[in-house]
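Colleague: Got a structure for you, protein.txt, holding compact mmCIF, C-alpha atoms.
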```txt
# COMPACT_ATOMS: atom_id res chain seq x y z
CA MET A 41 64.87 69.63 120.90
CA LEU A 42 66.78 71.97 123.13
CA LEU A 43 66.82 69.50 125.98
CA SER A 44 68.11 66.59 123.90
CA MET A 45 71.05 68.72 122.77
CA GLU A 46 74.35 68.56 124.54
CA LYS A 47 75.61 71.76 126.12
CA ILE A 48 78.55 71.88 123.75
CA GLN A 49 76.28 71.69 120.72
CA LEU A 50 74.21 74.61 121.96
CA ILE A 51 77.36 76.62 122.56
CA ALA A 52 78.64 75.76 119.08
CA ILE A 53 75.39 76.88 117.43
CA LEU A 54 75.20 80.13 119.35
CA GLY A 55 78.89 80.86 118.86
CA SER A 56 78.87 80.28 115.13
CA ILE A 57 75.69 82.33 114.62
CA LEU A 58 77.19 85.22 116.61
CA PHE A 59 80.36 84.88 114.55
CA MET A 60 78.39 85.10 111.28
CA ILE A 61 76.53 88.17 112.52
CA GLY A 62 79.84 89.76 113.49
CA ILE A 63 81.44 89.10 110.11
CA ILE A 64 78.38 90.30 108.17
CA GLU A 65 78.29 93.50 110.20
CA LEU A 66 82.01 94.13 109.59
CA ILE A 67 81.45 93.73 105.84
CA ARG A 68 78.39 95.93 105.97
CA ARG A 69 80.41 98.68 107.66
CA LYS A 70 83.12 98.37 105.02
CA GLN A 71 85.72 97.33 107.58
CA ILE A 72 86.37 94.08 105.71
CA LYS A 73 86.25 93.76 101.94
CA GLU A 74 83.94 91.01 100.70
CA ALA A 75 86.80 89.15 99.04
CA TYR A 76 88.72 88.78 102.31
CA ALA A 77 85.63 87.86 104.30
CA LEU A 78 84.57 85.19 101.82
CA LEU A 79 86.52 82.40 103.54
CA TRP A 80 85.13 83.39 106.93
CA LEU A 81 81.61 83.41 105.54
CA ILE A 82 81.99 79.99 103.94
CA PHE A 83 83.50 78.39 107.02
CA GLY A 84 81.08 80.17 109.32
CA THR A 85 78.19 78.73 107.33
CA VAL A 86 79.71 75.23 107.38
CA PHE A 87 80.16 75.61 111.14
CA VAL A 88 76.57 76.68 111.69
CA ILE A 89 75.29 73.78 109.57
CA PHE A 90 77.30 71.11 111.33
CA SER A 91 76.61 72.56 114.76
CA ILE A 92 72.92 72.12 114.11
CA TRP A 93 73.01 68.94 112.01
CA LYS A 94 74.48 66.46 114.48
CA LYS A 95 73.86 63.45 112.23
CA GLY A 96 75.76 65.11 109.41
CA LEU A 97 78.70 65.83 111.72
CA ASP A 98 78.72 62.25 112.98
CA PHE A 99 78.64 60.91 109.42
CA LEU A 100 81.46 63.14 108.20
CA ALA A 101 83.57 62.39 111.28
CA ALA A 102 83.22 58.66 110.71
CA LEU A 103 84.08 59.17 107.05
CA VAL A 104 87.31 60.94 107.91
CA GLY A 105 88.15 58.59 110.79
CA ILE A 106 87.60 60.90 113.75
CA TYR A 107 86.35 59.12 116.87
CA TYR A 108 84.87 62.13 118.66
CA PRO A 109 82.64 64.05 116.20
CA PRO A 110 82.98 67.52 117.79
CA ALA A 111 86.70 67.21 117.09
CA LEU A 112 85.74 67.56 113.43
CA LEU A 113 84.50 71.06 114.22
CA PHE A 114 87.92 71.85 115.64
CA LEU A 115 89.48 70.52 112.47
CA ILE A 116 87.21 72.68 110.32
CA LEU A 117 88.05 75.71 112.42
CA ILE A 118 91.79 75.03 112.14
CA LEU A 119 91.45 74.58 108.38
CA ALA A 120 89.65 77.91 108.18
CA ILE A 121 92.40 79.67 110.12
CA VAL A 122 95.16 78.13 108.01
CA MET A 123 93.45 79.06 104.74
CA VAL A 124 92.80 82.62 105.86
CA LEU A 125 96.43 83.01 106.96
CA ILE A 126 97.65 81.70 103.62
CA GLN A 127 95.32 84.13 101.86
CA PHE A 128 96.76 86.94 103.95
CA SER A 129 100.33 85.89 103.19
CA VAL A 130 99.54 86.05 99.48
CA VAL A 131 97.84 89.44 99.78
CA ILE A 132 100.66 90.89 101.91
CA SER A 133 103.25 89.71 99.41
CA LYS A 134 101.32 91.33 96.58
CA ASN A 135 100.87 94.54 98.54
CA ASN A 136 104.59 94.73 99.31
CA ASP A 137 105.35 94.55 95.60
CA ARG A 138 102.84 97.29 94.87
CA ILE A 139 104.19 99.53 97.65
CA ARG A 140 107.70 99.12 96.33
CA ASN A 141 106.46 100.08 92.85
CA LEU A 142 104.64 103.15 94.14
CA THR A 143 107.63 104.26 96.23
CA GLN A 144 109.89 104.09 93.20
CA GLU A 145 107.34 106.00 91.10
CA ILE A 146 107.22 108.75 93.70
CA ALA A 147 110.98 109.06 93.82
CA LEU A 148 111.10 109.30 90.03
CA LEU A 149 108.27 111.84 90.01
CA LYS A 150 110.02 114.02 92.60
CA ASN A 151 113.15 113.92 90.53
CA GLN A 152 111.20 114.93 87.43
CA LEU A 153 109.39 117.68 89.33
CA GLU A 154 112.62 119.13 90.69
CA THR A 155 114.21 119.02 87.26
CA ASN A 156 111.22 120.86 85.78
CA GLN A 157 111.28 123.46 88.54
CA GLN A 158 115.00 124.06 88.07
CA GLN A 159 114.54 124.49 84.35
CA ALA A 160 111.64 126.87 84.96
CA THR A 161 113.71 129.08 87.28
CA LYS A 162 116.63 128.92 84.86
CA THR A 163 114.55 130.22 81.96
CA LYS A 164 113.16 132.97 84.19
CA THR A 165 116.57 134.33 85.14
CA THR A 166 118.07 134.17 81.63
CA MET B 252 77.86 120.47 76.65
CA ASN B 253 81.43 119.94 77.72
CA SER B 254 81.89 116.19 78.10
CA ILE B 255 84.65 113.75 78.90
CA ILE B 256 84.97 110.19 77.66
CA ILE B 257 86.77 107.83 80.03
CA ILE B 258 88.37 104.77 78.48
CA PRO B 259 89.88 102.30 80.96
CA CYS B 260 92.39 100.06 79.24
CA TYR B 261 94.39 96.99 79.98
CA ASN B 262 96.51 95.76 77.10
CA GLU B 263 94.34 97.15 74.33
CA GLU B 264 97.09 98.06 71.88
CA LYS B 265 95.27 96.37 69.00
CA SER B 266 92.03 98.29 69.29
CA ILE B 267 92.66 101.52 71.18
CA ILE B 268 93.72 103.66 68.23
CA GLY B 269 90.67 102.53 66.25
CA VAL B 270 88.46 103.54 69.16
CA LEU B 271 90.17 106.93 69.52
CA GLN B 272 89.89 107.66 65.81
CA GLU B 273 86.22 106.72 65.82
CA ILE B 274 85.61 109.07 68.73
CA SER B 275 87.28 112.00 67.02
CA GLY B 276 85.09 111.29 64.02
CA GLN B 277 81.83 110.95 65.94
CA SER B 278 82.37 113.15 68.98
CA PRO B 279 85.19 115.54 68.15
CA GLN B 280 84.24 118.07 70.83
CA SER B 281 84.61 115.58 73.71
CA THR B 282 87.74 115.37 75.81
CA VAL B 283 89.04 111.82 75.85
CA ILE B 284 91.04 110.32 78.69
CA VAL B 285 92.59 106.88 78.47
CA ILE B 286 93.36 105.24 81.78
CA ASP B 287 96.18 102.79 81.28
CA ASP B 288 95.75 100.25 84.07
CA GLY B 289 99.33 99.03 84.20
CA SER B 290 99.32 97.57 80.69
CA THR B 291 102.30 95.52 79.69
CA ASP B 292 101.89 96.22 75.97
CA ASN B 293 102.14 99.34 73.83
CA THR B 294 98.77 100.86 74.78
CA SER B 295 100.34 103.94 76.42
CA ARG B 296 102.91 104.51 73.72
CA LEU B 297 100.25 104.36 71.03
CA VAL B 298 97.98 106.78 72.88
CA LYS B 299 100.85 109.25 73.42
CA ALA B 300 101.81 109.01 69.77
CA TYR B 301 98.19 109.60 68.74
CA GLY B 302 98.39 112.85 70.65
CA LYS B 303 94.73 113.86 70.71
CA ALA B 304 93.75 112.05 73.91
CA GLU B 305 94.74 112.56 77.51
CA LEU B 306 96.53 109.69 79.19
CA LEU B 307 96.68 108.63 82.83
CA LYS B 308 99.18 105.87 83.37
CA LEU B 309 98.56 103.95 86.58
CA PRO B 310 101.87 102.75 88.06
CA ILE B 311 100.28 99.51 89.24
CA ASN B 312 97.33 97.49 88.02
CA LEU B 313 94.22 98.36 90.05
CA GLY B 314 91.63 96.46 88.06
CA ILE B 315 88.83 98.04 86.08
CA GLY B 316 87.12 99.48 89.17
CA GLY B 317 90.21 101.37 90.29
CA ALA B 318 90.99 102.53 86.75
CA VAL B 319 87.47 103.84 86.16
CA GLN B 320 87.42 105.60 89.53
CA THR B 321 90.63 107.37 88.54
CA GLY B 322 88.80 108.64 85.48
CA PHE B 323 85.98 110.00 87.65
CA LYS B 324 88.46 111.72 89.93
CA TYR B 325 90.00 113.35 86.87
CA ALA B 326 86.57 114.37 85.58
CA LEU B 327 85.74 115.87 88.97
CA MET B 328 89.08 117.67 89.20
CA LYS B 329 88.53 119.20 85.75
CA ASP B 330 84.91 120.04 86.60
CA PHE B 331 83.20 118.25 83.72
CA PRO B 332 79.39 118.39 83.88
CA VAL B 333 78.99 115.08 82.10
CA ALA B 334 81.13 111.96 81.66
CA PHE B 335 80.96 108.83 79.56
CA LYS B 336 82.66 105.54 79.99
CA LEU B 337 83.35 103.10 77.21
CA ASP B 338 85.64 100.15 76.65
CA GLY B 339 88.87 100.26 74.72
CA ASP B 340 88.09 97.10 72.80
CA GLY B 341 85.78 98.59 70.19
CA GLN B 342 82.53 97.04 71.39
CA HIS B 343 80.96 100.37 72.27
CA PRO B 344 80.12 102.64 69.32
CA PRO B 345 80.98 106.28 70.10
CA GLY B 346 78.16 107.34 67.80
CA ALA B 347 75.66 106.27 70.46
CA ILE B 348 76.96 108.86 72.91
CA GLN B 349 74.60 111.51 71.57
CA SER B 350 71.53 109.45 72.41
CA MET B 351 72.95 108.73 75.86
CA LEU B 352 73.70 112.41 76.36
CA ASP B 353 70.08 113.54 75.95
CA PRO B 354 68.70 112.28 79.30
CA LEU B 355 71.74 113.76 81.06
CA ILE B 356 71.23 117.18 79.49
CA SER B 357 67.51 117.14 80.21
CA ASP B 358 68.36 116.14 83.80
CA SER B 359 66.10 113.11 83.70
CA ALA B 360 68.80 110.65 84.72
CA ASP B 361 72.11 110.56 86.60
CA LEU B 362 73.33 107.21 85.28
CA VAL B 363 72.64 106.21 81.70
CA ILE B 364 73.35 102.63 80.67
CA GLY B 365 73.73 101.62 77.04
CA THR B 366 71.92 98.33 76.67
CA ARG B 367 72.45 95.68 74.03
CA PHE B 368 69.12 94.08 74.73
CA SER B 369 66.12 95.98 73.53
CA PRO B 370 63.14 95.11 71.35
CA ALA B 371 64.82 96.85 68.43
CA ASN B 372 68.10 95.06 68.89
CA GLN B 373 67.47 91.34 69.09
CA GLY B 374 70.37 90.47 66.86
CA PHE B 375 73.11 90.59 69.46
CA LYS B 376 74.97 87.30 69.61
CA SER B 377 76.39 85.98 72.82
CA THR B 378 77.08 82.68 74.44
CA LEU B 379 74.29 80.92 76.31
CA MET B 380 76.31 81.08 79.52
CA ARG B 381 76.75 84.83 79.26
CA ARG B 382 73.10 85.41 78.57
CA ALA B 383 72.12 83.16 81.49
CA GLY B 384 74.50 85.07 83.73
CA ILE B 385 73.09 88.40 82.56
CA LYS B 386 69.55 87.17 83.23
CA ILE B 387 70.49 86.21 86.78
CA LEU B 388 72.07 89.62 87.37
CA GLN B 389 69.01 91.26 85.87
CA GLY B 390 66.84 89.39 88.39
CA LEU B 391 69.14 90.37 91.25
CA CYS B 392 69.07 94.01 90.20
CA TYR B 393 65.30 93.92 90.16
CA LEU B 394 65.23 92.40 93.66
CA LEU B 395 67.61 94.95 95.07
CA THR B 396 66.57 98.08 93.19
CA GLY B 397 63.08 97.48 91.85
CA MET B 398 64.34 98.43 88.40
CA ASN B 399 64.40 96.27 85.31
CA ILE B 400 67.95 96.64 83.97
CA THR B 401 68.27 94.61 80.79
CA ASP B 402 72.05 94.89 80.47
CA PRO B 403 73.62 95.04 83.92
CA THR B 404 77.11 94.12 82.71
CA SER B 405 77.27 96.80 80.03
CA GLY B 406 80.26 99.03 80.55
CA PHE B 407 78.92 101.73 78.21
CA ARG B 408 77.60 104.38 80.58
CA GLY B 409 76.97 108.09 80.96
CA TYR B 410 77.13 110.09 84.20
CA SER B 411 75.70 113.40 85.40
CA LYS B 412 77.68 115.81 87.58
CA LYS B 413 76.02 114.36 90.68
CA ALA B 414 76.98 110.83 89.56
CA ILE B 415 80.57 111.91 88.80
CA GLU B 416 80.96 113.38 92.27
CA PHE B 417 79.50 110.28 93.86
CA MET B 418 81.46 107.74 91.83
CA ALA B 419 84.76 109.59 92.32
CA GLN B 420 84.44 108.76 95.99
CA HIS B 421 82.43 105.55 96.17
CA TYR B 422 82.99 103.55 92.98
CA PRO B 423 82.95 99.78 93.62
CA THR B 424 86.59 98.94 93.12
CA PHE B 425 86.63 95.19 93.20
CA ASP B 426 86.78 93.02 90.12
CA TYR B 427 83.72 93.64 87.95
CA PRO B 428 81.89 96.69 89.19
CA GLU B 429 79.19 97.09 86.55
CA PRO B 430 76.29 95.35 88.31
CA GLU B 431 77.42 96.58 91.74
CA GLU B 432 77.45 100.13 90.41
CA ILE B 433 73.76 99.83 89.59
CA VAL B 434 72.74 98.80 93.10
CA LEU B 435 75.03 101.45 94.59
CA ALA B 436 73.56 104.15 92.36
CA ALA B 437 69.95 103.15 93.07
CA ARG B 438 70.59 102.93 96.81
CA ASN B 439 72.12 106.41 96.88
CA GLY B 440 69.47 108.31 94.99
CA LEU B 441 70.97 108.39 91.50
CA ARG B 442 68.37 108.04 88.75
CA ILE B 443 69.11 105.25 86.29
CA MET B 444 67.99 105.04 82.69
CA GLU B 445 68.77 102.57 79.90
CA ILE B 446 69.25 103.61 76.28
CA PRO B 447 69.35 100.98 73.52
CA VAL B 448 72.70 100.85 71.80
CA GLU B 449 73.91 98.68 68.99
CA MET B 450 77.12 97.11 70.20
CA ARG B 451 79.68 95.18 68.21
CA ASP B 452 81.71 92.12 68.93
CA ARG B 453 85.04 92.64 70.57
CA GLN B 454 87.54 93.51 67.85
CA SER B 455 90.48 91.75 69.41
CA GLY B 456 91.94 90.52 72.64
CA ILE B 457 90.29 88.67 75.48
CA SER B 458 87.16 89.87 77.21
CA THR B 459 87.64 90.34 80.91
CA ILE B 460 84.17 88.97 81.57
CA SER B 461 83.59 86.07 79.19
CA SER B 462 86.38 83.91 80.54
CA THR B 463 85.24 84.43 84.10
CA MET B 464 81.44 84.56 83.78
CA SER B 465 81.62 81.57 86.03
CA ILE B 466 80.00 80.36 89.24
CA TYR B 467 82.77 82.02 91.24
CA TYR B 468 82.15 85.39 89.57
CA MET B 469 78.40 85.10 90.05
CA LEU B 470 78.86 84.29 93.75
CA LYS B 471 81.20 87.20 94.34
CA VAL B 472 79.07 89.71 92.47
CA THR B 473 75.87 88.49 94.16
CA LEU B 474 77.48 88.80 97.56
CA ALA B 475 78.81 92.27 96.76
CA MET B 476 75.46 93.47 95.45
CA ILE B 477 73.64 92.22 98.54
CA PHE B 478 76.07 94.01 100.82
CA ILE B 479 75.79 97.24 98.88
CA PHE B 480 72.03 96.93 99.30
CA LEU B 481 72.42 96.36 103.06
CA ARG B 482 74.72 99.31 103.64
CA PRO B 483 73.54 102.72 104.80
CA ILE B 484 73.53 105.56 102.29
CA GLU B 485 77.05 106.83 101.65
CA LYS B 486 78.09 110.02 103.37
CA ASP B 487 80.29 112.37 101.40
CA LYS B 488 83.78 113.17 102.59
CA LYS B 489 84.06 116.90 103.09
```
Please lay out the structure from this file as structure tokens.
Modeller:
Amino acid sequence: MLLSMEKIQLIAILGSILFMIGIIELIRRKQIKEAYALLWLIFGTVFVIFSIWKKGLDFLAALVGIYYPPALLFLILILAIVMVLIQFSVVISKNNDRIRNLTQEIALLKNQLETNQQQATKTKTT
Amino acid sequence: MNSIIIIPCYNEEKSIIGVLQEISGQSPQSTVIVIDDGSTDNTSRLVKAYGKAELLKLPINLGIGGAVQTGFKYALMKDFPVAFKLDGDGQHPPGAIQSMLDPLISDSADLVIGTRFSPANQGFKSTLMRRAGIKILQGLCYLLTGMNITDPTSGFRGYSKKAIEFMAQHYPTFDYPEPEEIVLAARNGLRIMEIPVEMRDRQSGISTISSTMSIYYMLKVTLAMIFIFLRPIEKDKK
């Protein structure tokens, strides 16, 4: 089977398997949260499947109207990148809101703390 | 034994006072702390007015995992030997705390789970979807921990000092931590025990689980549980 495969297909299979191992290890070491790795895992799996299953890739490419089936893998990869970037944009926006909230809370707390301390020293000296 | 009851809340203004009153009737010697997870209703105001419970008001919504972990950090800070967690919606009867306390006092368990499903308690109604979901999680728990947990999504739990210290640092903080907590506890040497408890239907409001006991939830929780199983044992921060 290995000999009837094109070089590019072999590279795609190896690359996507290595990618999956890398992502799984990052999750295992708690360097990526599962929620943010989910898209990578899904696309990685799709990539592995279609790297191995040439007939499936050919069929899907024809369905979508792509003349050169491996170009479909590029498309899938680009889709993955776009979706992950959108996810990040959403998460960053949310985080900015939360940071602003926390910053304001801290400022208010400091104010409250200083007021309390001033009142405490006032009652001591009177 | 000095105990603390942690009640994470998100918009539970309709039921929280009922729960607090029931606790002071059933467990008057326990300290109660309500964690307000960024509620947009009157939950905090009602708790402050009630006066007999501590209140931690989170400035932003962290989700139930983050809220519960805050409770553990508080319990650790105040050096409680034993902690309980129950929901602010009235499903968990405070009267059952005594039976959950026994294995903690006798040091036979670190994590006690109140289970709705026991031979003596077949009358609990639930939707078919929920029960199917719970069965799947039960199977997963068995695969990953070797233990038969009949109610992996039950939020009614008791914790020993060792469990409090562990959870304050390592509590699973994403979405719905109940099943993940079980795998995490088993993986890190905490002894788990289930105690049958008669739970009631939610008194009001929307359950955080029923509307999302969906394929998406099952996938996420399954993934999370598998990764917790794959991880090395947690090291404590010194």
Colleague: Report, in Å with one decimal, the straight-line distance from atom CA of Ala360 of chain B to atom CA of Phe323 of chain B.
Modeller: 17.4 Å
Colleague: Define the interface residues of chain B facing chain A as those within 9 Å, counting all atoms listed in the file, and report them as a PyMOL selection string.
Modeller: chain B and resi 310-312+425+471+474-475+478-479+481-483
Colleague: Could those selected residues go to a file with C-alpha atoms, as a PDB file, keeping the file's coordinate frame?
Modeller:
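selection-v6.pdb, written as the output of this step:
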```pdb
ATOM      1  CA  PRO B 310     101.870 102.750  88.060  1.00  0.00           C
ATOM      2  CA  ILE B 311     100.280  99.510  89.240  1.00  0.00           C
ATOM      3  CA  ASN B 312      97.330  97.490  88.020  1.00  0.00           C
ATOM      4  CA  PHE B 425      86.630  95.190  93.200  1.00  0.00           C
ATOM      5  CA  LYS B 471      81.200  87.200  94.340  1.00  0.00           C
ATOM      6  CA  LEU B 474      77.480  88.800  97.560  1.00  0.00           C
ATOM      7  CA  ALA B 475      78.810  92.270  96.760  1.00  0.00           C
ATOM      8  CA  PHE B 478      76.070  94.010 100.820  1.00  0.00           C
ATOM      9  CA  ILE B 479      75.790  97.240  98.880  1.00  0.00           C
ATOM     10  CA  LEU B 481      72.420  96.360 103.060  1.00  0.00           C
ATOM     11  CA  ARG B 482      74.720  99.310 103.640  1.00  0.00           C
ATOM     12  CA  PRO B 483      73.540 102.720 104.800  1.00  0.00           C
TER      13      PRO B 483
END
```
Colleague: Nearest to Asn439 of chain B: which of B:Met469, B:Leu362, B:Leu394, B:Ile268 is it, counting all atoms listed in the file?
Modeller: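 Comparing B:Met469, B:Leu362, B:Leu394, B:Ile268 against Asn439 of chain B, the winner is B:Leu362.
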Colleague: Go ahead and fit an axis-aligned box to every listed atom of segment 86-92 of chain A plus 8 Å each side, and pass me the centre and edge lengths in Å, one decimal, as JSON.
Modeller:
```
{"center_x": 76.5, "center_y": 73.9, "center_z": 111.1, "size_x": 23.2, "size_y": 21.6, "size_z": 23.4}
```
Colleague: By how many Å are atom CA of Pro345 of chain B and atom CA of Lys299 of chain B apart?
Modeller: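 Those two atoms sit 20.4 Å apart.
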Colleague: So, counting all atoms listed in the file, which residue among A:Leu50, A:Asn136, A:Thr155, A:Ile63 is closest to Tyr76 of chain A?
Modeller: A:Ile63
Colleague: Fix up segment 437-447 of chain B with all heavy atoms, then write it as a PDB file, keeping the file's coordinate frame.
Modeller:
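For reference, out-v7.pdb as written:
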```pdb
ATOM      1  N   ALA B 437      71.368 103.143  92.685  1.00  0.00           N
ATOM      2  CA  ALA B 437      69.950 103.150  93.070  1.00  0.00           C
ATOM      3  C   ALA B 437      69.809 103.418  94.563  1.00  0.00           C
ATOM      4  O   ALA B 437      68.978 104.216  94.993  1.00  0.00           O
ATOM      5  CB  ALA B 437      69.310 101.820  92.702  1.00  0.00           C
ATOM      6  N   ARG B 438      70.653 102.803  95.354  1.00  0.00           N
ATOM      7  CA  ARG B 438      70.590 102.930  96.810  1.00  0.00           C
ATOM      8  C   ARG B 438      70.876 104.355  97.267  1.00  0.00           C
ATOM      9  O   ARG B 438      70.387 104.810  98.289  1.00  0.00           O
ATOM     10  CB  ARG B 438      71.640 101.977  97.406  1.00  0.00           C
ATOM     11  CG  ARG B 438      71.626 101.820  98.867  1.00  0.00           C
ATOM     12  CD  ARG B 438      70.672 100.750  99.306  1.00  0.00           C
ATOM     13  NE  ARG B 438      70.742 100.630 100.751  1.00  0.00           N
ATOM     14  CZ  ARG B 438      70.069 101.403 101.591  1.00  0.00           C
ATOM     15  NH1 ARG B 438      69.264 102.311 101.128  1.00  0.00           N
ATOM     16  NH2 ARG B 438      70.204 101.245 102.887  1.00  0.00           N
ATOM     17  N   ASN B 439      71.692 105.089  96.470  1.00  0.00           N
ATOM     18  CA  ASN B 439      72.120 106.410  96.880  1.00  0.00           C
ATOM     19  C   ASN B 439      71.461 107.530  96.089  1.00  0.00           C
ATOM     20  O   ASN B 439      72.026 108.622  95.939  1.00  0.00           O
ATOM     21  CB  ASN B 439      73.647 106.515  96.790  1.00  0.00           C
ATOM     22  CG  ASN B 439      74.320 105.730  97.903  1.00  0.00           C
ATOM     23  OD1 ASN B 439      74.479 106.224  99.010  1.00  0.00           O
ATOM     24  ND2 ASN B 439      74.709 104.506  97.601  1.00  0.00           N
ATOM     25  N   GLY B 440      70.288 107.243  95.567  1.00  0.00           N
ATOM     26  CA  GLY B 440      69.470 108.310  94.990  1.00  0.00           C
ATOM     27  C   GLY B 440      69.884 108.778  93.608  1.00  0.00           C
ATOM     28  O   GLY B 440      69.483 109.864  93.182  1.00  0.00           O
ATOM     29  N   LEU B 441      70.655 107.991  92.875  1.00  0.00           N
ATOM     30  CA  LEU B 441      70.970 108.390  91.500  1.00  0.00           C
ATOM     31  C   LEU B 441      69.945 107.746  90.569  1.00  0.00           C
ATOM     32  O   LEU B 441      69.651 106.568  90.670  1.00  0.00           O
ATOM     33  CB  LEU B 441      72.389 107.920  91.122  1.00  0.00           C
ATOM     34  CG  LEU B 441      73.523 108.493  91.962  1.00  0.00           C
ATOM     35  CD1 LEU B 441      74.846 107.862  91.575  1.00  0.00           C
ATOM     36  CD2 LEU B 441      73.606 110.007  91.785  1.00  0.00           C
ATOM     37  N   ARG B 442      69.397 108.561  89.649  1.00  0.00           N
ATOM     38  CA  ARG B 442      68.370 108.040  88.750  1.00  0.00           C
ATOM     39  C   ARG B 442      69.029 107.302  87.587  1.00  0.00           C
ATOM     40  O   ARG B 442      69.946 107.812  86.969  1.00  0.00           O
ATOM     41  CB  ARG B 442      67.506 109.190  88.229  1.00  0.00           C
ATOM     42  CG  ARG B 442      66.792 109.937  89.345  1.00  0.00           C
ATOM     43  CD  ARG B 442      66.469 111.350  88.894  1.00  0.00           C
ATOM     44  NE  ARG B 442      67.682 112.075  88.526  1.00  0.00           N
ATOM     45  CZ  ARG B 442      67.668 113.260  87.944  1.00  0.00           C
ATOM     46  NH1 ARG B 442      66.512 113.840  87.627  1.00  0.00           N
ATOM     47  NH2 ARG B 442      68.791 113.863  87.633  1.00  0.00           N
ATOM     48  N   ILE B 443      68.512 106.108  87.318  1.00  0.00           N
ATOM     49  CA  ILE B 443      69.110 105.250  86.290  1.00  0.00           C
ATOM     50  C   ILE B 443      68.188 105.137  85.093  1.00  0.00           C
ATOM     51  O   ILE B 443      66.971 105.002  85.244  1.00  0.00           O
ATOM     52  CB  ILE B 443      69.373 103.839  86.846  1.00  0.00           C
ATOM     53  CG1 ILE B 443      70.228 103.929  88.105  1.00  0.00           C
ATOM     54  CG2 ILE B 443      70.062 102.964  85.811  1.00  0.00           C
ATOM     55  CD1 ILE B 443      70.432 102.601  88.793  1.00  0.00           C
ATOM     56  N   MET B 444      68.788 105.197  83.899  1.00  0.00           N
ATOM     57  CA  MET B 444      67.990 105.040  82.690  1.00  0.00           C
ATOM     58  C   MET B 444      68.779 104.201  81.688  1.00  0.00           C
ATOM     59  O   MET B 444      69.998 104.294  81.619  1.00  0.00           O
ATOM     60  CB  MET B 444      67.685 106.411  82.085  1.00  0.00           C
ATOM     61  CG  MET B 444      66.625 106.364  80.999  1.00  0.00           C
ATOM     62  SD  MET B 444      66.327 107.987  80.295  1.00  0.00           S
ATOM     63  CE  MET B 444      65.405 108.767  81.575  1.00  0.00           C
ATOM     64  N   GLU B 445      68.075 103.363  80.933  1.00  0.00           N
ATOM     65  CA  GLU B 445      68.770 102.570  79.900  1.00  0.00           C
ATOM     66  C   GLU B 445      68.435 103.121  78.523  1.00  0.00           C
ATOM     67  O   GLU B 445      67.303 103.491  78.241  1.00  0.00           O
ATOM     68  CB  GLU B 445      68.360 101.113  79.974  1.00  0.00           C
ATOM     69  CG  GLU B 445      69.132 100.322  81.014  1.00  0.00           C
ATOM     70  CD  GLU B 445      68.911  98.835  80.857  1.00  0.00           C
ATOM     71  OE1 GLU B 445      67.738  98.432  80.778  1.00  0.00           O
ATOM     72  OE2 GLU B 445      69.899  98.093  80.804  1.00  0.00           O
ATOM     73  N   ILE B 446      69.454 103.170  77.662  1.00  0.00           N
ATOM     74  CA  ILE B 446      69.250 103.610  76.280  1.00  0.00           C
ATOM     75  C   ILE B 446      69.718 102.476  75.375  1.00  0.00           C
ATOM     76  O   ILE B 446      70.824 101.968  75.558  1.00  0.00           O
ATOM     77  CB  ILE B 446      70.083 104.877  75.977  1.00  0.00           C
ATOM     78  CG1 ILE B 446      69.675 106.011  76.884  1.00  0.00           C
ATOM     79  CG2 ILE B 446      69.972 105.272  74.532  1.00  0.00           C
ATOM     80  CD1 ILE B 446      68.428 106.745  76.467  1.00  0.00           C
ATOM     81  N   PRO B 447      68.895 102.065  74.406  1.00  0.00           N
ATOM     82  CA  PRO B 447      69.350 100.980  73.520  1.00  0.00           C
ATOM     83  C   PRO B 447      70.509 101.426  72.648  1.00  0.00           C
ATOM     84  O   PRO B 447      70.516 102.524  72.092  1.00  0.00           O
ATOM     85  CB  PRO B 447      68.112 100.668  72.661  1.00  0.00           C
ATOM     86  CG  PRO B 447      67.142 101.737  72.918  1.00  0.00           C
ATOM     87  CD  PRO B 447      67.547 102.515  74.115  1.00  0.00           C
TER      88      PRO B 447
END
```
